[in-house]
file input.cif (mmCIF, C-alpha atoms)
data_model
loop_
_atom_site.label_atom_id
_atom_site.label_comp_id
_atom_site.auth_asym_id
_atom_site.auth_seq_id
_atom_site.Cartn_x
_atom_site.Cartn_y
_atom_site.Cartn_z
CA MET A 1 57.82 50.23 -18.72
CA THR A 2 57.26 51.35 -15.14
CA ALA A 3 60.28 51.75 -12.88
CA TYR A 4 60.68 52.86 -9.27
CA PHE A 5 63.73 54.44 -7.66
CA LEU A 6 64.40 54.86 -3.93
CA SER A 7 67.39 55.11 -1.64
CA ASP A 8 68.62 55.51 1.92
CA LEU A 9 66.13 53.24 3.66
CA HIS A 10 68.70 52.66 6.45
CA LEU A 11 66.79 49.65 7.72
CA GLY A 12 68.02 48.60 11.14
CA ALA A 13 69.31 52.07 12.03
CA PRO A 14 69.35 53.04 15.71
CA TYR A 15 67.57 56.21 14.54
CA PHE A 16 64.27 54.30 14.38
CA GLN A 17 62.34 53.95 17.61
CA ASP A 18 60.55 50.97 16.07
CA SER A 19 62.71 49.12 13.52
CA ARG A 20 59.94 46.62 12.78
CA LYS A 21 57.58 49.45 11.84
CA ALA A 22 60.20 50.98 9.55
CA GLU A 23 60.72 47.64 7.81
CA ARG A 24 56.97 47.07 7.54
CA ARG A 25 56.53 50.49 5.90
CA VAL A 26 59.01 49.59 3.16
CA VAL A 27 57.45 46.15 2.69
CA ASP A 28 53.98 47.70 2.39
CA PHE A 29 55.31 50.14 -0.21
CA LEU A 30 56.88 47.34 -2.25
CA ASP A 31 53.65 45.38 -1.98
CA SER A 32 51.70 48.41 -3.25
CA ILE A 33 53.78 48.69 -6.44
CA LYS A 34 54.15 45.01 -7.34
CA GLY A 35 51.16 45.18 -9.69
CA ASP A 36 52.68 47.67 -12.11
CA ALA A 37 56.45 47.69 -11.46
CA ASP A 38 58.70 46.31 -14.15
CA ALA A 39 61.89 47.39 -12.39
CA ILE A 40 62.94 48.64 -8.95
CA PHE A 41 66.24 50.43 -8.40
CA LEU A 42 67.54 50.70 -4.82
CA LEU A 43 70.22 53.39 -4.84
CA GLY A 44 72.23 52.48 -1.77
CA ASP A 45 72.18 52.58 2.03
CA VAL A 46 69.25 50.21 1.90
CA LEU A 47 70.52 48.71 5.16
CA ASP A 48 72.16 50.78 7.86
CA TYR A 49 74.75 48.03 8.35
CA TRP A 50 75.42 44.74 6.61
CA TYR A 51 78.36 42.39 6.67
CA GLU A 52 78.30 38.92 5.13
CA TYR A 53 80.52 36.25 6.55
CA ARG A 54 81.25 33.19 4.44
CA TYR A 55 78.62 30.99 6.07
CA VAL A 56 76.75 33.49 8.24
CA VAL A 57 74.63 36.57 7.55
CA PRO A 58 73.26 39.08 10.07
CA ARG A 59 69.88 38.53 11.69
CA GLY A 60 66.85 40.62 10.76
CA PHE A 61 65.26 42.04 7.60
CA VAL A 62 63.35 38.78 7.01
CA ARG A 63 60.17 40.46 5.78
CA PHE A 64 62.07 42.88 3.56
CA PHE A 65 64.26 40.18 2.02
CA GLY A 66 61.23 37.94 1.58
CA LYS A 67 59.37 40.67 -0.30
CA LEU A 68 62.37 41.34 -2.57
CA ALA A 69 62.65 37.63 -3.32
CA GLU A 70 58.92 37.45 -4.08
CA LEU A 71 59.11 40.39 -6.48
CA ALA A 72 62.25 39.08 -8.18
CA ASP A 73 60.68 35.63 -8.56
CA SER A 74 57.64 37.24 -10.20
CA GLY A 75 59.87 38.71 -12.91
CA ILE A 76 60.41 42.25 -11.62
CA LYS A 77 63.94 43.46 -12.23
CA ILE A 78 65.60 44.62 -9.01
CA VAL A 79 68.95 46.41 -8.89
CA TRP A 80 70.65 47.19 -5.57
CA PHE A 81 73.43 49.80 -5.59
CA ILE A 82 75.97 49.51 -2.80
CA GLY A 83 76.11 52.59 -0.56
CA ASN A 84 78.47 53.67 2.18
CA HIS A 85 76.46 51.84 4.87
CA ASP A 86 75.79 48.55 3.08
CA ILE A 87 79.27 48.22 1.56
CA TRP A 88 79.90 44.62 2.50
CA ILE A 89 77.47 42.84 0.22
CA PHE A 90 79.21 39.87 -1.34
CA ASP A 91 77.27 36.92 -2.77
CA TYR A 92 74.40 36.19 -0.38
CA ILE A 93 71.97 38.92 -1.46
CA PRO A 94 72.41 38.50 -5.23
CA ASN A 95 72.39 34.69 -5.09
CA GLU A 96 69.69 34.21 -2.46
CA LEU A 97 67.31 36.97 -3.57
CA GLY A 98 68.01 36.85 -7.30
CA ILE A 99 68.75 40.55 -7.70
CA GLU A 100 71.55 42.50 -9.37
CA VAL A 101 74.05 44.24 -7.11
CA VAL A 102 76.04 47.19 -8.48
CA ASP A 103 79.09 48.69 -6.81
CA GLY A 104 79.58 52.04 -8.52
CA TYR A 105 77.29 53.38 -11.23
CA LYS A 106 75.03 52.03 -13.94
CA VAL A 107 73.55 53.59 -17.06
CA GLU A 108 70.16 52.10 -17.90
CA ASP A 109 68.07 52.62 -21.04
CA LEU A 110 64.39 52.87 -20.16
CA ASP A 111 61.98 53.50 -23.01
CA GLY A 112 64.67 55.26 -25.02
CA ARG A 113 65.80 57.49 -22.15
CA LYS A 114 69.21 57.16 -20.51
CA PHE A 115 69.34 57.03 -16.71
CA PHE A 116 72.67 57.41 -14.90
CA MET A 117 72.35 55.94 -11.40
CA THR A 118 74.70 55.71 -8.42
CA HIS A 119 74.55 56.06 -4.65
CA GLY A 120 76.72 59.17 -4.75
CA ASP A 121 79.09 58.78 -1.80
CA GLY A 122 82.15 58.66 -4.06
CA ILE A 123 81.18 61.64 -6.21
CA GLY A 124 83.24 64.82 -6.48
CA ARG A 125 85.60 66.38 -3.94
CA LEU A 126 85.37 64.52 -0.64
CA PRO A 127 86.70 65.35 2.84
CA ALA A 128 90.05 63.70 3.46
CA THR A 129 88.80 61.76 6.49
CA PHE A 130 85.86 60.39 4.51
CA LYS A 131 88.14 59.27 1.67
CA ILE A 132 90.45 57.48 4.12
CA ILE A 133 87.58 55.70 5.87
CA ARG A 134 85.96 54.79 2.54
CA SER A 135 89.20 53.27 1.23
CA LEU A 136 89.71 51.30 4.46
CA PHE A 137 86.18 49.93 4.38
CA ARG A 138 86.67 48.74 0.80
CA ASN A 139 90.18 47.32 1.31
CA LYS A 140 90.19 43.51 0.93
CA ILE A 141 92.80 42.99 3.64
CA CYS A 142 90.88 45.15 6.10
CA GLN A 143 87.70 43.24 5.27
CA LYS A 144 89.45 39.93 5.98
CA LEU A 145 90.74 41.20 9.31
CA PHE A 146 87.31 42.57 10.23
CA SER A 147 85.62 39.27 9.39
CA GLY A 148 87.95 37.55 11.88
CA ILE A 149 86.35 39.45 14.78
CA HIS A 150 83.28 37.83 16.33
CA PRO A 151 79.98 39.47 15.24
CA ARG A 152 78.99 39.96 18.89
CA TRP A 153 81.58 42.77 18.87
CA THR A 154 81.47 44.06 15.31
CA VAL A 155 77.69 44.46 14.93
CA PRO A 156 77.11 46.61 18.06
CA PHE A 157 80.21 48.63 17.18
CA ALA A 158 78.93 49.27 13.64
CA TYR A 159 75.52 50.45 14.83
CA LYS A 160 77.09 52.67 17.49
CA TRP A 161 79.38 54.17 14.83
CA SER A 162 76.39 54.80 12.56
CA ASP A 163 74.37 56.41 15.35
CA HIS A 164 77.30 58.60 16.40
CA SER A 165 77.92 59.84 12.85
CA ARG A 166 74.30 60.91 12.36
CA ASN A 167 73.08 64.16 13.90
CA GLU A 168 69.65 64.50 15.46
CA SER A 169 68.09 65.23 12.08
CA PRO A 170 68.15 62.82 9.12
CA LEU A 171 68.85 65.82 6.89
CA PRO A 172 72.33 67.27 6.34
CA SER A 173 73.33 70.70 7.59
CA LYS A 174 72.94 73.60 5.17
CA GLU A 175 76.72 73.69 4.64
CA ASP A 176 76.93 69.94 3.92
CA ALA A 177 73.91 70.10 1.63
CA GLU A 178 75.44 72.89 -0.44
CA ARG A 179 78.76 71.04 -0.68
CA MET A 180 77.18 67.75 -1.72
CA LEU A 181 74.85 69.37 -4.25
CA SER A 182 77.83 71.22 -5.72
CA ASN A 183 79.72 67.91 -5.98
CA ILE A 184 77.02 66.07 -7.89
CA THR A 185 76.27 69.07 -10.10
CA THR A 186 79.92 69.39 -11.14
CA PHE A 187 80.26 65.65 -11.68
CA SER A 188 77.03 65.46 -13.70
CA ARG A 189 78.03 68.40 -15.88
CA ASP A 190 81.43 66.85 -16.59
CA TYR A 191 79.92 63.44 -17.33
CA LEU A 192 77.25 64.97 -19.57
CA ARG A 193 79.97 66.73 -21.55
CA GLU A 194 81.37 63.33 -22.59
CA HIS A 195 78.01 61.50 -22.63
CA PRO A 196 75.43 63.92 -24.02
CA ASP A 197 72.82 61.16 -24.39
CA ILE A 198 72.12 61.06 -20.64
CA ASP A 199 68.61 62.28 -19.77
CA TYR A 200 68.54 61.77 -16.00
CA PHE A 201 71.12 61.58 -13.21
CA LEU A 202 69.75 59.84 -10.12
CA TYR A 203 71.51 59.98 -6.76
CA GLY A 204 70.95 58.89 -3.19
CA HIS A 205 73.23 59.54 -0.20
CA LEU A 206 72.46 63.24 0.28
CA HIS A 207 69.16 62.71 2.19
CA LEU A 208 67.79 65.59 0.15
CA LEU A 209 64.79 65.64 -2.16
CA GLU A 210 65.86 67.74 -5.12
CA ARG A 211 65.24 68.07 -8.84
CA PHE A 212 66.97 70.51 -11.17
CA ASP A 213 68.53 70.80 -14.63
CA VAL A 214 72.18 70.63 -15.54
CA GLU A 215 73.62 71.85 -18.84
CA SER A 216 76.88 71.13 -20.58
CA ALA A 217 78.56 71.58 -23.93
CA THR A 218 80.36 68.72 -25.66
CA PRO A 219 83.88 69.22 -27.11
CA SER A 220 82.19 69.69 -30.49
CA GLY A 221 80.03 72.49 -29.09
CA ARG A 222 76.77 70.55 -28.83
CA GLU A 223 74.58 71.76 -25.95
CA SER A 224 73.07 69.04 -23.77
CA THR A 225 70.62 69.23 -20.88
CA ALA A 226 69.76 66.58 -18.33
CA GLU A 227 67.89 66.46 -15.04
CA ILE A 228 69.46 65.72 -11.67
CA ILE A 229 67.21 63.81 -9.28
CA VAL A 230 68.18 63.40 -5.61
CA LEU A 231 65.90 60.77 -4.10
CA GLY A 232 65.62 61.85 -0.47
CA GLU A 233 65.45 59.19 2.26
CA TRP A 234 63.16 56.84 4.21
CA LEU A 235 64.03 58.08 7.69
CA SER A 236 61.46 60.88 7.58
CA GLN A 237 60.48 61.73 3.98
CA PHE A 238 59.63 58.27 2.55
CA SER A 239 60.31 59.57 -0.94
CA TYR A 240 60.81 57.85 -4.28
CA ALA A 241 60.73 58.44 -8.03
CA ARG A 242 58.47 56.75 -10.55
CA TRP A 243 59.05 56.45 -14.29
CA ASP A 244 55.89 55.56 -16.23
CA GLY A 245 57.47 55.28 -19.66
CA GLU A 246 57.06 58.96 -20.50
CA LYS A 247 57.69 61.08 -17.40
CA LEU A 248 59.61 60.87 -14.14
CA GLU A 249 57.83 61.95 -10.95
CA LEU A 250 59.14 62.54 -7.42
CA LEU A 251 56.63 61.25 -4.89
CA LYS A 252 56.21 60.47 -1.19
CA TYR A 253 54.71 57.28 0.16
CA LYS A 254 51.75 57.68 2.46
CA GLU A 255 50.74 54.72 4.56
CA LYS A 256 47.15 53.59 4.27
#
call {"tool": "encode", "arguments": {"input": "input.cif", "output": "structure tokens"}}
result
Amino acid sequence: MTAYFLSDLHLGAPYFQDSRKAERRVVDFLDSIKGDADAIFLLGDVLDYWYEYRYVVPRGFVRFFGKLAELADSGIKIVWFIGNHDIWIFDYIPNELGIEVVDGYKVEDLDGRKFFMTHGDGIGRLPATFKIIRSLFRNKICQKLFSGIHPRWTVPFAYKWSDHSRNESPLPSKEDAERMLSNITTFSRDYLREHPDIDYFLYGHLHLLERFDVESATPSGRESTAEIIVLGEWLSQFSYARWDGEKLELLKYKEK
């Protein structure tokens, strides 16, 4: 089978000078792969902000959602992993678009190879402030209280927060990159020790485009090796991975 993996599209982000162009780029990419894709895995932060109210959803993303619905209706499997920006997906996206939403991680068997996939924001040792904010954002009571505030206040606040937390570059600092790579490497090694059948670990979140091996020994002494794939982002790199049934490639989308 043929599968595609991409993450950190951050559609709607204040970072984009032209949000419509950014959305169109993703739609054109999805349109370009619809002829051979059997599955598409979106590994989080697909939207820069999203909050579903019971009867109301945010404006925008019509072309992107329409393309996902079209692909899902054609039989392509689509899996959307919740990230730290699009946390508040409840039932609209899975029910309306017909796609699977995963909060956490998923292990998928593709052509006899095991793929471990997650966004990656909850992996490893995290700064205390990040852990506190992450727990608040996922707290059901806090979500209820937040939903009681009118969207005219919450949506601008969320985008301002997102813009403030991002530096001028879409890439992390050297120090943050080293810390995050160390986190996922340690986690992957520990997970591989207990699950030696994993062939690939795929992560988003880091905004880095990386590929390297990780090795571990099981309690019985069996040596296992897997590959770690960090998928980059669609703020500047427009990167993705493609599995063709035999090999996994890291690629960059170039507009026609």
call {"tool": "atom_distance", "arguments": {"input": "input.cif", "atom1": "atom CA of A:Arg59", "atom2": "atom CA of A:Gly44"}}
result
19.5 Å
call {"tool": "resolve_selection", "arguments": {"input": "input.cif", "expression": "the PyMOL selection byres ((chain A and resi 224) around 9)", "output": "PyMOL selection string"}}
result
chain A and resi 192-193+196-198+214-218+222-223+225-226
call {"tool": "residues_around", "arguments": {"input": "input.cif", "residues": "A:Lys252", "least_positions_apart": "6", "cutoff": "8 Å", "atoms": "all atoms listed in the file", "output": "list in words"}}
result
Gln237, Phe238, Ser239 and Tyr240 of chain A
call {"tool": "write_last_selection", "arguments": {"input": "input.cif", "atoms": "C-alpha atoms", "output": "short mmCIF file (atom, residue, chain, number, x, y, z; two decimals), in the coordinates of the input"}}
result
data_model
loop_
_atom_site.label_atom_id
_atom_site.label_comp_id
_atom_site.auth_asym_id
_atom_site.auth_seq_id
_atom_site.Cartn_x
_atom_site.Cartn_y
_atom_site.Cartn_z
CA GLN A 237 60.48 61.73 3.98
CA PHE A 238 59.63 58.27 2.55
CA SER A 239 60.31 59.57 -0.94
CA TYR A 240 60.81 57.85 -4.28
#
call {"tool": "closest_residue", "arguments": {"input": "input.cif", "among": "A:Leu97, A:Met117, A:Leu235, A:Ala72", "to": "A:Val26", "atoms": "only C-alpha atoms"}}
result
A:Leu235
call {"tool": "atom_distance", "arguments": {"input": "input.cif", "atom1": "atom CA of A:Tyr55", "atom2": "atom CA of A:Glu100"}}
result
20.5 Å
call {"tool": "closest_residue", "arguments": {"input": "input.cif", "among": "A:Ala22, A:Trp88, A:Ser7, A:Met1", "to": "A:Leu209", "atoms": "only C-alpha atoms"}}
result
A:Ser7
call {"tool": "residues_around", "arguments": {"input": "input.cif", "residues": "A:Asp121", "least_positions_apart": "3", "cutoff": "12 Å", "atoms": "only C-alpha atoms", "output": "PyMOL selection string"}}
result
chain A and resi 8+43-45+81-87+103-105+118+124-127+130-131+133-135+180-181+183-184+203-207
call {"tool": "closest_residue", "arguments": {"input": "input.cif", "among": "A:Leu42, A:Ala241, A:Leu136, A:Leu248", "to": "A:His119", "atoms": "only C-alpha atoms"}}
result
A:Leu42
call {"tool": "atom_distance", "arguments": {"input": "input.cif", "atom1": "atom CA of A:Asp38", "atom2": "atom CA of A:Thr2"}}
result
5.3 Å
call {"tool": "closest_residue", "arguments": {"input": "input.cif", "among": "A:Val102, A:Leu208, A:Leu171, A:Leu47", "to": "A:Pro14", "atoms": "all atoms listed in the file"}}
result
A:Leu47
call {"tool": "resolve_selection", "arguments": {"input": "input.cif", "expression": "the PyMOL selection byres ((chain A and resi 31) around 12)", "output": "ChimeraX atom specification"}}
result
/A:24-30,32-37,63-64,66-71,255
call {"tool": "residues_near_point", "arguments": {"input": "input.cif", "point": "(55.7, 52.5, -19.8)", "cutoff": "9 Å", "atoms": "all atoms listed in the file", "output": "list of chain:residue names"}}
result
A:Met1, A:Thr2, A:Ala3, A:Asp38, A:Leu110, A:Asp111, A:Trp243, A:Asp244, A:Gly245, A:Glu246
call {"tool": "residues_around", "arguments": {"input": "input.cif", "residues": "A:Thr185", "least_positions_apart": "6", "cutoff": "10 Å", "atoms": "all atoms listed in the file", "output": "ChimeraX atom specification"}}
result
/A:123-124,179,191,201,212-215,228
